[in-house]
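> Handing over start.csv, CSV, C-alpha atoms.
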```csv
chain,number,residue,atom,x,y,z
D,1,MET,CA,-19.1,44.5,14.5
D,2,ASP,CA,-19.9,44.3,18.2
D,3,CYS,CA,-18.7,40.7,18.5
D,4,CYS,CA,-15.1,41.8,19.0
D,5,ASN,CA,-14.0,43.4,22.2
D,6,PRO,CA,-10.9,45.5,21.4
D,7,THR,CA,-9.9,46.2,25.0
D,8,ARG,CA,-9.5,42.5,25.9
D,9,CYS,CA,-8.0,41.6,22.5
D,10,SER,CA,-10.8,39.1,22.2
D,11,VAL,CA,-11.2,38.3,18.6
D,12,VAL,CA,-12.3,34.7,19.0
D,13,GLN,CA,-15.8,35.3,17.6
D,14,CYS,CA,-14.9,37.4,14.6
D,15,ALA,CA,-15.9,35.7,11.3
D,16,MET,CA,-13.5,37.8,9.3
D,17,LEU,CA,-10.5,36.0,10.8
D,18,THR,CA,-9.2,32.6,10.2
D,19,ASN,CA,-8.5,30.3,13.2
D,20,LYS,CA,-4.8,30.7,12.8
D,21,GLU,CA,-5.1,34.5,12.8
D,22,LYS,CA,-7.3,34.5,15.9
D,23,GLU,CA,-4.7,32.3,17.7
D,24,LEU,CA,-1.8,34.5,16.5
D,25,ILE,CA,-3.6,37.7,17.5
D,26,GLU,CA,-4.3,36.4,21.0
D,27,LYS,CA,-0.7,35.4,21.4
D,28,VAL,CA,0.7,38.7,20.1
D,29,CYS,CA,-1.6,40.6,22.4
D,30,ASN,CA,0.0,38.7,25.3
D,31,GLY,CA,3.4,40.0,24.1
D,32,ASN,CA,4.5,36.8,22.3
D,33,THR,CA,7.1,37.9,19.8
D,34,VAL,CA,7.5,34.4,18.2
D,35,ALA,CA,3.8,34.5,17.2
D,36,PHE,CA,4.4,38.0,15.9
D,37,SER,CA,7.3,36.8,13.8
D,38,SER,CA,5.0,34.3,12.2
D,39,LEU,CA,2.4,37.1,11.5
D,40,VAL,CA,5.1,39.3,10.0
D,41,ASP,CA,6.3,36.4,7.7
D,42,ASP,CA,2.8,35.9,6.4
D,43,TYR,CA,2.3,39.6,5.4
D,44,LYS,CA,5.8,41.1,5.0
D,45,ASP,CA,5.9,40.6,1.2
D,46,LEU,CA,2.5,42.2,0.6
D,47,VAL,CA,3.2,45.2,2.9
D,48,TYR,CA,6.7,45.6,1.4
D,49,THR,CA,5.4,45.4,-2.2
D,50,LEU,CA,2.7,48.0,-1.6
D,51,SER,CA,5.3,50.3,0.1
D,52,LEU,CA,7.8,49.8,-2.6
D,53,ARG,CA,5.4,50.5,-5.4
D,54,MET,CA,4.1,53.6,-3.7
D,55,LEU,CA,7.5,55.0,-2.6
D,56,GLY,CA,9.6,53.7,-5.5
D,57,ASN,CA,12.6,53.2,-3.2
D,58,ARG,CA,13.8,50.0,-1.5
D,59,GLU,CA,15.3,51.7,1.6
D,60,ASP,CA,12.2,53.9,2.2
D,61,ALA,CA,9.9,50.9,1.6
D,62,GLU,CA,11.7,48.7,4.1
D,63,GLU,CA,11.7,51.5,6.7
D,64,VAL,CA,8.0,52.1,6.2
D,65,ALA,CA,7.2,48.3,6.3
D,66,GLN,CA,9.1,48.1,9.6
D,67,ASP,CA,7.1,51.1,11.0
D,68,VAL,CA,3.9,49.4,9.8
D,69,PHE,CA,4.6,46.2,11.7
D,70,ILE,CA,5.7,48.1,14.8
D,71,LYS,CA,2.4,49.9,14.7
D,72,VAL,CA,0.6,46.6,14.1
D,73,PHE,CA,2.3,45.1,17.2
D,74,THR,CA,1.3,48.0,19.4
D,75,ALA,CA,-2.2,48.5,18.0
D,76,LEU,CA,-3.3,44.9,17.5
D,77,ARG,CA,-5.1,45.2,20.9
D,78,THR,CA,-7.4,47.8,19.3
D,79,PHE,CA,-8.1,45.8,16.2
D,80,LYS,CA,-11.9,45.3,16.3
D,81,GLY,CA,-11.9,42.4,13.8
D,82,ASP,CA,-14.5,44.1,11.6
D,83,SER,CA,-12.4,43.6,8.5
D,84,LYS,CA,-9.8,41.1,7.4
D,85,LEU,CA,-6.5,41.4,9.2
D,86,SER,CA,-4.8,42.0,5.9
D,87,THR,CA,-7.2,44.8,5.1
D,88,TRP,CA,-6.4,46.5,8.5
D,89,MET,CA,-2.6,46.1,7.8
D,90,TYR,CA,-2.9,47.5,4.2
D,91,ARG,CA,-4.8,50.5,5.6
D,92,ILE,CA,-1.9,51.2,8.1
D,93,ALA,CA,0.6,50.7,5.3
D,94,TYR,CA,-1.2,52.9,2.8
D,95,ASN,CA,-1.5,55.7,5.3
D,96,ALA,CA,2.1,55.3,6.4
D,97,CYS,CA,3.2,55.5,2.7
D,98,LEU,CA,1.1,58.7,2.1
D,99,ASP,CA,2.7,60.2,5.2
D,100,ARG,CA,6.2,59.3,4.0
D,101,ILE,CA,5.4,60.8,0.5
D,102,LYS,CA,4.2,64.0,2.2
D,103,LYS,CA,7.4,64.1,4.2
D,104,ASN,CA,9.7,63.5,1.2
D,105,ARG,CA,7.7,65.7,-1.1
D,106,LYS,CA,8.9,63.8,-4.1
D,107,LEU,CA,6.4,63.8,-6.9
D,108,ARG,CA,6.4,61.4,-9.8
D,109,VAL,CA,5.8,62.4,-13.4
D,110,HIS,CA,2.2,63.4,-14.0
D,111,VAL,CA,0.4,61.2,-16.5
D,112,GLU,CA,-2.4,62.6,-18.5
D,113,VAL,CA,-5.4,60.3,-18.9
D,114,GLU,CA,-5.8,60.2,-22.6
D,115,GLN,CA,-7.5,57.8,-24.9
D,116,VAL,CA,-5.8,54.4,-25.2
D,117,ARG,CA,-5.8,53.4,-28.8
D,118,LYS,CA,-8.1,50.5,-29.6
D,119,VAL,CA,-5.4,48.4,-31.2
D,120,ALA,CA,-2.8,49.3,-28.6
D,121,LEU,CA,-3.9,46.7,-26.1
D,122,MET,CA,-3.6,43.9,-28.6
D,123,GLU,CA,-0.3,45.1,-29.8
D,124,MET,CA,1.0,45.4,-26.3
D,125,GLU,CA,-0.2,41.9,-25.4
D,126,ASN,CA,1.6,40.5,-28.4
D,127,ALA,CA,4.8,42.4,-27.6
D,128,LEU,CA,4.7,41.3,-24.0
D,129,ASP,CA,4.1,37.7,-25.0
D,130,LYS,CA,7.3,37.7,-27.1
D,131,MET,CA,9.4,38.8,-24.1
D,132,VAL,CA,11.2,36.5,-21.7
D,133,GLN,CA,9.4,36.3,-18.4
D,134,GLU,CA,12.2,38.2,-16.6
D,135,GLU,CA,12.2,41.0,-19.1
D,136,ARG,CA,8.4,41.3,-18.9
D,137,THR,CA,8.5,41.5,-15.1
D,138,MET,CA,11.1,44.2,-15.2
D,139,LEU,CA,9.2,46.2,-17.7
D,140,ILE,CA,6.0,45.9,-15.7
D,141,ASN,CA,7.7,46.9,-12.5
D,142,ALA,CA,9.3,49.9,-14.3
D,143,CYS,CA,5.9,51.0,-15.6
D,144,LEU,CA,4.3,50.6,-12.2
D,145,ALA,CA,7.0,52.7,-10.7
D,146,LYS,CA,6.1,55.6,-13.0
D,147,LEU,CA,2.5,55.7,-11.8
D,148,PRO,CA,1.5,58.2,-9.2
D,149,PRO,CA,1.5,56.6,-5.7
D,150,GLU,CA,-2.3,56.6,-5.2
D,151,ASP,CA,-2.8,55.0,-8.6
D,152,VAL,CA,-0.3,52.3,-8.1
D,153,ALA,CA,-1.7,51.6,-4.6
D,154,ILE,CA,-5.3,51.3,-5.9
D,155,ILE,CA,-4.2,48.8,-8.6
D,156,SER,CA,-2.0,46.8,-6.3
D,157,LEU,CA,-4.7,46.7,-3.5
D,158,PHE,CA,-7.3,45.6,-6.0
D,159,TYR,CA,-5.3,42.4,-6.7
D,160,PHE,CA,-4.0,42.0,-3.1
D,161,GLU,CA,-7.6,42.1,-1.9
D,162,GLU,CA,-8.8,39.6,-4.6
D,163,ARG,CA,-10.9,42.3,-6.3
D,164,SER,CA,-13.0,43.0,-3.3
D,165,LEU,CA,-14.3,46.6,-3.5
D,166,LEU,CA,-15.8,46.2,0.0
D,167,GLU,CA,-12.4,45.6,1.5
D,168,MET,CA,-10.8,48.4,-0.5
D,169,GLU,CA,-13.5,50.8,0.8
D,170,LYS,CA,-12.2,50.1,4.3
D,171,ILE,CA,-8.5,50.6,3.3
D,172,LEU,CA,-8.9,53.8,1.3
D,173,ASP,CA,-11.9,55.2,3.1
D,174,LEU,CA,-13.6,55.9,-0.2
D,175,SER,CA,-17.0,54.8,-1.6
D,176,ALA,CA,-17.1,51.8,-4.0
D,177,ASN,CA,-18.1,54.1,-6.9
D,178,THR,CA,-15.2,56.5,-6.3
D,179,ILE,CA,-12.8,53.5,-6.2
D,180,LYS,CA,-14.2,52.1,-9.5
D,181,VAL,CA,-13.6,55.5,-11.2
D,182,ARG,CA,-10.1,55.8,-9.7
D,183,LEU,CA,-9.3,52.2,-10.6
D,184,PHE,CA,-10.4,52.8,-14.2
D,185,ARG,CA,-8.2,56.0,-14.5
D,186,ALA,CA,-5.2,54.2,-12.9
D,187,ARG,CA,-5.6,51.4,-15.4
D,188,LYS,CA,-5.7,53.8,-18.3
D,189,LYS,CA,-2.6,55.6,-17.0
D,190,LEU,CA,-0.7,52.3,-16.7
D,191,ALA,CA,-1.8,51.3,-20.2
D,192,ILE,CA,-0.5,54.6,-21.6
D,193,ILE,CA,2.8,54.2,-19.7
D,194,MET,CA,3.1,50.7,-21.0
D,195,GLU,CA,2.5,51.7,-24.5
D,196,ARG,CA,5.2,54.4,-24.4
D,197,ASN,CA,7.7,52.0,-22.8
D,198,LEU,CA,6.9,49.2,-25.3
D,199,ASP,CA,7.4,51.7,-28.2
D,200,ILE,CA,10.8,52.6,-26.8
D,201,GLU,CA,11.7,48.9,-26.3
D,202,ILE,CA,10.6,48.0,-29.9
D,203,VAL,CA,12.6,51.0,-31.3
D,204,GLN,CA,15.7,50.0,-29.3
D,205,SER,CA,15.4,46.3,-30.3
D,206,ASN,CA,15.0,47.3,-34.0
D,207,GLY,CA,18.3,49.1,-33.7
S,1,MET,CA,-14.2,54.1,-23.9
S,2,ASP,CA,-17.2,51.8,-23.9
S,3,LYS,CA,-18.0,48.9,-21.6
S,4,HIS,CA,-16.4,46.4,-23.9
S,5,GLU,CA,-13.2,48.3,-24.1
S,6,GLU,CA,-13.2,48.7,-20.4
S,7,LYS,CA,-13.5,45.0,-20.0
S,8,GLU,CA,-10.6,44.5,-22.4
S,9,LEU,CA,-8.5,47.0,-20.4
S,10,GLU,CA,-9.3,45.1,-17.2
S,11,ALA,CA,-8.4,41.8,-18.8
S,12,PHE,CA,-5.1,43.3,-20.0
S,13,MET,CA,-4.3,44.6,-16.5
S,14,ASP,CA,-5.1,41.2,-15.0
S,15,LYS,CA,-2.5,39.7,-17.3
S,16,ILE,CA,0.0,42.4,-16.5
S,17,MET,CA,-0.5,42.2,-12.7
S,18,ALA,CA,-0.1,38.4,-12.8
S,19,ASP,CA,3.4,39.0,-14.1
S,20,ALA,CA,4.2,41.5,-11.4
S,21,PRO,CA,5.4,39.3,-8.6
S,22,LEU,CA,5.5,40.3,-4.9
S,23,GLU,CA,8.8,41.8,-3.8
S,24,SER,CA,10.5,40.7,-0.6
S,25,PRO,CA,12.3,42.8,2.0
S,26,SER,CA,15.8,42.0,3.2
S,27,ILE,CA,16.4,38.4,4.6
S,28,ASP,CA,16.8,39.5,8.2
S,29,PHE,CA,13.7,41.8,8.1
S,30,THR,CA,11.6,39.8,10.6
S,31,LYS,CA,14.6,39.2,12.9
S,32,ASN,CA,15.5,42.9,13.0
S,33,LEU,CA,11.9,43.9,13.5
S,34,VAL,CA,11.5,41.5,16.5
S,35,GLN,CA,14.8,42.6,18.0
S,36,HIS,CA,13.6,46.2,17.7
S,37,ILE,CA,10.3,45.4,19.4
S,38,GLU,CA,11.9,43.4,22.2
S,39,ALA,CA,14.4,46.2,22.9
S,40,ALA,CA,11.5,48.7,23.1
S,41,GLN,CA,9.7,46.3,25.5
S,42,HIS,CA,12.8,46.2,27.7
S,43,LYS,CA,13.0,50.0,27.7
S,44,GLU,CA,9.4,50.2,28.9
S,45,VAL,CA,10.3,48.0,31.9
S,46,TYR,CA,13.0,50.4,33.0
S,47,GLN,CA,11.3,53.6,32.0
S,48,TYR,CA,11.5,56.3,34.6
S,49,LYS,CA,8.1,57.0,36.1
S,50,PRO,CA,7.7,59.8,38.7
S,51,ILE,CA,6.3,58.7,42.0
S,52,MET,CA,3.9,61.7,42.0
S,53,PRO,CA,2.2,62.7,38.9
S,54,ARG,CA,2.9,66.1,37.4
S,55,GLN,CA,-0.6,67.5,38.3
S,56,VAL,CA,-0.1,66.6,42.0
S,57,LEU,CA,3.3,68.4,42.0
S,58,VAL,CA,1.8,71.5,40.3
S,59,LEU,CA,-1.1,71.5,42.8
S,60,LEU,CA,1.4,71.2,45.8
S,61,PHE,CA,3.5,74.0,44.4
S,62,ILE,CA,0.5,76.3,43.9
S,63,GLY,CA,-0.7,75.5,47.4
S,64,LEU,CA,2.6,76.2,48.9
S,65,MET,CA,3.0,79.5,47.0
S,66,THR,CA,-0.5,80.5,48.0
S,67,LEU,CA,0.1,79.8,51.6
S,68,THR,CA,3.4,81.7,51.5
S,69,PHE,CA,1.8,84.7,50.0
S,70,TYR,CA,-1.1,84.5,52.4
S,71,LEU,CA,1.2,84.4,55.4
S,72,ILE,CA,3.3,87.4,54.0
S,73,ALA,CA,0.1,89.4,53.3
S,74,GLN,CA,-1.3,88.6,56.7
S,75,TYR,CA,1.7,89.0,58.9
S,76,GLY,CA,4.2,90.9,56.8
S,77,LEU,CA,7.9,90.2,56.4
S,78,GLU,CA,9.3,92.2,59.3
S,79,SER,CA,10.1,90.2,62.4
S,80,ASP,CA,8.1,92.6,64.7
S,81,GLY,CA,7.3,89.8,67.1
S,82,ARG,CA,4.0,88.8,65.6
S,83,TRP,CA,4.9,85.7,63.5
S,84,PHE,CA,8.0,83.7,64.6
S,85,GLY,CA,9.2,86.8,66.4
S,86,ASN,CA,8.1,85.6,69.8
S,87,VAL,CA,9.6,82.2,69.4
S,88,SER,CA,13.1,81.9,70.8
S,89,VAL,CA,14.9,78.9,69.4
S,90,GLU,CA,18.5,79.6,70.6
S,91,PRO,CA,18.1,77.9,74.0
S,92,LEU,CA,17.0,74.7,72.2
S,93,PHE,CA,20.3,74.5,70.3
S,94,ASP,CA,22.4,75.5,73.3
S,95,ASN,CA,22.4,72.0,74.7
S,96,VAL,CA,23.1,70.3,71.4
S,97,TRP,CA,25.8,72.6,70.0
S,98,GLY,CA,27.1,74.1,73.2
S,99,TRP,CA,30.2,71.8,73.3
S,100,LEU,CA,31.3,73.3,70.0
S,101,GLU,CA,32.0,76.7,71.5
S,102,ASN,CA,35.1,75.4,73.3
S,103,TYR,CA,36.1,72.9,70.6
S,104,THR,CA,39.2,73.4,68.5
S,105,SER,CA,40.3,71.2,65.6
S,106,SER,CA,43.5,70.9,63.6
S,107,LYS,CA,43.8,72.2,60.0
S,108,ILE,CA,44.5,68.7,58.7
S,109,LEU,CA,41.1,67.4,60.1
S,110,MET,CA,39.3,70.4,58.5
S,111,TYR,CA,41.0,69.7,55.1
S,112,ALA,CA,40.2,66.0,55.4
S,113,ILE,CA,36.5,66.7,56.0
S,114,LEU,CA,36.4,69.2,53.1
S,115,LEU,CA,38.0,66.7,50.8
S,116,PHE,CA,35.7,64.0,51.9
S,117,GLY,CA,32.7,66.2,51.2
S,118,LEU,CA,34.0,67.2,47.8
S,119,LEU,CA,34.7,63.6,46.8
S,120,PHE,CA,31.2,62.6,48.0
S,121,PHE,CA,29.6,65.1,45.6
S,122,VAL,CA,31.9,63.9,42.8
S,123,GLN,CA,30.8,60.4,43.3
S,124,VAL,CA,27.1,61.1,43.0
S,125,PRO,CA,27.1,61.7,39.2
S,126,LEU,CA,29.6,59.0,38.6
S,127,LEU,CA,27.5,56.4,40.5
S,128,LYS,CA,24.4,57.6,38.8
S,129,ARG,CA,25.9,57.1,35.3
S,130,GLN,CA,27.1,53.7,36.2
S,131,LEU,CA,23.7,52.6,37.6
S,132,ASP,CA,21.9,54.0,34.6
S,133,LYS,CA,24.2,52.0,32.2
S,134,LYS,CA,23.5,48.8,34.2
S,135,LEU,CA,19.8,49.2,34.3
S,136,MET,CA,19.0,50.5,30.9
S,137,LEU,CA,20.6,47.6,29.0
S,138,ASP,CA,20.2,49.6,25.8
```
Please express the file's structure as structure tokens.


Amino acid sequence: MDCCNPTRCSVVQCAMLTNKEKELIEKVCNGNTVAFSSLVDDYKDLVYTLSLRMLGNREDAEEVAQDVFIKVFTALRTFKGDSKLSTWMYRIAYNACLDRIKKNRKLRVHVEVEQVRKVALMEMENALDKMVQEERTMLINACLAKLPPEDVAIISLFYFEERSLLEMEKILDLSANTIKVRLFRARKKLAIIMERNLDIEIVQSNG
Amino acid sequence: MDKHEEKELEAFMDKIMADAPLESPSIDFTKNLVQHIEAAQHKEVYQYKPIMPRQVLVLLFIGLMTLTFYLIAQYGLESDGRWFGNVSVEPLFDNVWGWLENYTSSKILMYAILLFGLLFFVQVPLLKRQLDKKLMLD
């Protein structure tokens, strides 16, 4: 979008941004670290959660999240405002995580995309409903941690971006159709992992 | 998997993801981050920047070397009286340093001057280190 002049950090006209964001960006571009703190507080949980799910390690996730915000601080001047601020940040975070994964060369268990049983979804829903909230959250987080980084990222971003494929296209640099296919495969993988984990849970609870 | 099942899977995921809350980094995450950025900004203020850019220095060096080689190629290295051979500089210094010919000094004065010179050069790195510490504020 041509309305935004990146060199002057002038994002006042950008429709993608809220008034609060425009004001914060102007201040941060002038080196105001108090305004930057406010920006960090608004997005740190989202960026950290994405990093944690992709990297599967709290220390790495915190380090990457810090690097992401440092990059945001230095590159905010170049932000054109042609996407939502959150989308721009997720893009930086997603790429930073991929770089870190390449560096660490740690691969997670490969999950084969197989057919999810028809009845499995219902069974799983029932089993999950019977669990205490805390247990359910723990189990879901454990299953998400078993997904390959790209899959967990695509599922997380889908919900972070309120199901907007348009915004996801900008983050992942992929077409909407490719994202749909990948999203479907990632969901299937997660369902398979959940099914396996729930079986183990049920067997363990039955003694 | 048909469209209906795909929808069911999506609905199931919606339910799951609603139960996967956002994680939070450490409590002092923002504070540490801002401190880090402020320290980096401070460093930039005191960052050493050469007066002349590298390209200018390289150009000057190349120019000087070219001139030297040109002069050597043109006039040669021997002082056969063509280059500075004809210039006699000794009479110029006679008036300035002439008094030194008859001057004698004590050994103690010589040692004192030597010691002063030595300590002067010792002080240079010490002072530099101290000034660096003061200015960097790292």

> Set the cut-off to 6 Å and count all atoms listed in the file: what are the residues of chain D that reach chain S? Output as a ChimeraX atom specification.

/D:45,49,137

> Provide the atom CA of S:Lys3 to atom CA of D:Leu198 distance in Å, to one decimal place.

25.2 Å

> So the first atom is atom CA of D:Glu134 and the second is atom CA of D:Tyr159; what is the distance between them in Å, to one decimal place?

20.5 Å

> If we count all atoms listed in the file, what is near D:Phe36 at a cut-off of 12 Å, once residues fewer than 2 positions away on the same chain are taken out, given as a PDB file with C-alpha atoms, in the coordinates of the input?


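The result, written out as result03.pdb:
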```
ATOM      1  CA  GLU D  21      -5.100  34.500  12.800  1.00  0.00           C
ATOM      2  CA  GLU D  23      -4.700  32.300  17.700  1.00  0.00           C
ATOM      3  CA  LEU D  24      -1.800  34.500  16.500  1.00  0.00           C
ATOM      4  CA  ILE D  25      -3.600  37.700  17.500  1.00  0.00           C
ATOM      5  CA  GLU D  26      -4.300  36.400  21.000  1.00  0.00           C
ATOM      6  CA  LYS D  27      -0.700  35.400  21.400  1.00  0.00           C
ATOM      7  CA  VAL D  28       0.700  38.700  20.100  1.00  0.00           C
ATOM      8  CA  CYS D  29      -1.600  40.600  22.400  1.00  0.00           C
ATOM      9  CA  ASN D  30       0.000  38.700  25.300  1.00  0.00           C
ATOM     10  CA  GLY D  31       3.400  40.000  24.100  1.00  0.00           C
ATOM     11  CA  ASN D  32       4.500  36.800  22.300  1.00  0.00           C
ATOM     12  CA  THR D  33       7.100  37.900  19.800  1.00  0.00           C
ATOM     13  CA  VAL D  34       7.500  34.400  18.200  1.00  0.00           C
ATOM     14  CA  SER D  38       5.000  34.300  12.200  1.00  0.00           C
ATOM     15  CA  LEU D  39       2.400  37.100  11.500  1.00  0.00           C
ATOM     16  CA  VAL D  40       5.100  39.300  10.000  1.00  0.00           C
ATOM     17  CA  ASP D  41       6.300  36.400   7.700  1.00  0.00           C
ATOM     18  CA  ASP D  42       2.800  35.900   6.400  1.00  0.00           C
ATOM     19  CA  TYR D  43       2.300  39.600   5.400  1.00  0.00           C
ATOM     20  CA  LYS D  44       5.800  41.100   5.000  1.00  0.00           C
ATOM     21  CA  PHE D  69       4.600  46.200  11.700  1.00  0.00           C
ATOM     22  CA  ILE D  70       5.700  48.100  14.800  1.00  0.00           C
ATOM     23  CA  VAL D  72       0.600  46.600  14.100  1.00  0.00           C
ATOM     24  CA  PHE D  73       2.300  45.100  17.200  1.00  0.00           C
ATOM     25  CA  THR D  74       1.300  48.000  19.400  1.00  0.00           C
ATOM     26  CA  LEU D  76      -3.300  44.900  17.500  1.00  0.00           C
TER      27      LEU D  76
ATOM     28  CA  THR S  30      11.600  39.800  10.600  1.00  0.00           C
ATOM     29  CA  LYS S  31      14.600  39.200  12.900  1.00  0.00           C
ATOM     30  CA  LEU S  33      11.900  43.900  13.500  1.00  0.00           C
ATOM     31  CA  VAL S  34      11.500  41.500  16.500  1.00  0.00           C
ATOM     32  CA  GLN S  35      14.800  42.600  18.000  1.00  0.00           C
ATOM     33  CA  ILE S  37      10.300  45.400  19.400  1.00  0.00           C
ATOM     34  CA  GLU S  38      11.900  43.400  22.200  1.00  0.00           C
TER      35      GLU S  38
END
```

> Distance atom CA of D:Leu52-atom CA of D:Glu123, one decimal place?

28.8 Å

> Rebuild stretch 21-39 of chain D to N, CA and C atoms - output it as a PDB file, in the coordinates of the input, please.


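Final output, out-v9.pdb:
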```pdb
ATOM      1  N   GLU D  21      -5.264  33.052  12.459  1.00  0.00           N
ATOM      2  CA  GLU D  21      -5.100  34.500  12.800  1.00  0.00           C
ATOM      3  C   GLU D  21      -5.582  34.804  14.174  1.00  0.00           C
ATOM      4  N   LYS D  22      -6.733  34.221  14.539  1.00  0.00           N
ATOM      5  CA  LYS D  22      -7.300  34.500  15.900  1.00  0.00           C
ATOM      6  C   LYS D  22      -6.261  34.033  16.951  1.00  0.00           C
ATOM      7  N   GLU D  23      -5.707  32.854  16.724  1.00  0.00           N
ATOM      8  CA  GLU D  23      -4.700  32.300  17.700  1.00  0.00           C
ATOM      9  C   GLU D  23      -3.502  33.196  17.764  1.00  0.00           C
ATOM     10  N   LEU D  24      -3.027  33.614  16.571  1.00  0.00           N
ATOM     11  CA  LEU D  24      -1.800  34.500  16.500  1.00  0.00           C
ATOM     12  C   LEU D  24      -2.087  35.797  17.229  1.00  0.00           C
ATOM     13  N   ILE D  25      -3.255  36.385  16.952  1.00  0.00           N
ATOM     14  CA  ILE D  25      -3.600  37.700  17.500  1.00  0.00           C
ATOM     15  C   ILE D  25      -3.610  37.608  19.057  1.00  0.00           C
ATOM     16  N   GLU D  26      -4.243  36.551  19.562  1.00  0.00           N
ATOM     17  CA  GLU D  26      -4.300  36.400  21.000  1.00  0.00           C
ATOM     18  C   GLU D  26      -2.902  36.307  21.621  1.00  0.00           C
ATOM     19  N   LYS D  27      -2.044  35.551  20.935  1.00  0.00           N
ATOM     20  CA  LYS D  27      -0.700  35.400  21.400  1.00  0.00           C
ATOM     21  C   LYS D  27       0.101  36.710  21.369  1.00  0.00           C
ATOM     22  N   VAL D  28      -0.043  37.402  20.242  1.00  0.00           N
ATOM     23  CA  VAL D  28       0.700  38.700  20.100  1.00  0.00           C
ATOM     24  C   VAL D  28       0.224  39.686  21.122  1.00  0.00           C
ATOM     25  N   CYS D  29      -1.077  39.690  21.396  1.00  0.00           N
ATOM     26  CA  CYS D  29      -1.600  40.600  22.400  1.00  0.00           C
ATOM     27  C   CYS D  29      -1.007  40.324  23.787  1.00  0.00           C
ATOM     28  N   ASN D  30      -0.604  39.074  24.000  1.00  0.00           N
ATOM     29  CA  ASN D  30       0.000  38.700  25.300  1.00  0.00           C
ATOM     30  C   ASN D  30       1.554  38.955  25.222  1.00  0.00           C
ATOM     31  N   GLY D  31       2.009  39.606  24.164  1.00  0.00           N
ATOM     32  CA  GLY D  31       3.400  40.000  24.100  1.00  0.00           C
ATOM     33  C   GLY D  31       4.315  38.874  23.483  1.00  0.00           C
ATOM     34  N   ASN D  32       3.710  37.863  22.868  1.00  0.00           N
ATOM     35  CA  ASN D  32       4.500  36.800  22.300  1.00  0.00           C
ATOM     36  C   ASN D  32       5.131  37.176  20.984  1.00  0.00           C
ATOM     37  N   THR D  33       6.456  37.379  20.994  1.00  0.00           N
ATOM     38  CA  THR D  33       7.100  37.900  19.800  1.00  0.00           C
ATOM     39  C   THR D  33       7.349  36.759  18.749  1.00  0.00           C
ATOM     40  N   VAL D  34       7.331  35.506  19.202  1.00  0.00           N
ATOM     41  CA  VAL D  34       7.500  34.400  18.200  1.00  0.00           C
ATOM     42  C   VAL D  34       6.230  34.329  17.347  1.00  0.00           C
ATOM     43  N   ALA D  35       5.066  34.475  17.985  1.00  0.00           N
ATOM     44  CA  ALA D  35       3.800  34.500  17.200  1.00  0.00           C
ATOM     45  C   ALA D  35       3.799  35.703  16.276  1.00  0.00           C
ATOM     46  N   PHE D  36       4.357  36.809  16.764  1.00  0.00           N
ATOM     47  CA  PHE D  36       4.400  38.000  15.900  1.00  0.00           C
ATOM     48  C   PHE D  36       5.290  37.789  14.701  1.00  0.00           C
ATOM     49  N   SER D  37       6.416  37.090  14.893  1.00  0.00           N
ATOM     50  CA  SER D  37       7.300  36.800  13.800  1.00  0.00           C
ATOM     51  C   SER D  37       6.554  36.036  12.678  1.00  0.00           C
ATOM     52  N   SER D  38       5.724  35.088  13.108  1.00  0.00           N
ATOM     53  CA  SER D  38       5.000  34.300  12.200  1.00  0.00           C
ATOM     54  C   SER D  38       3.971  35.188  11.380  1.00  0.00           C
ATOM     55  N   LEU D  39       3.361  36.120  12.117  1.00  0.00           N
ATOM     56  CA  LEU D  39       2.400  37.100  11.500  1.00  0.00           C
ATOM     57  C   LEU D  39       3.156  37.953  10.473  1.00  0.00           C
TER      58      LEU D  39
END
```
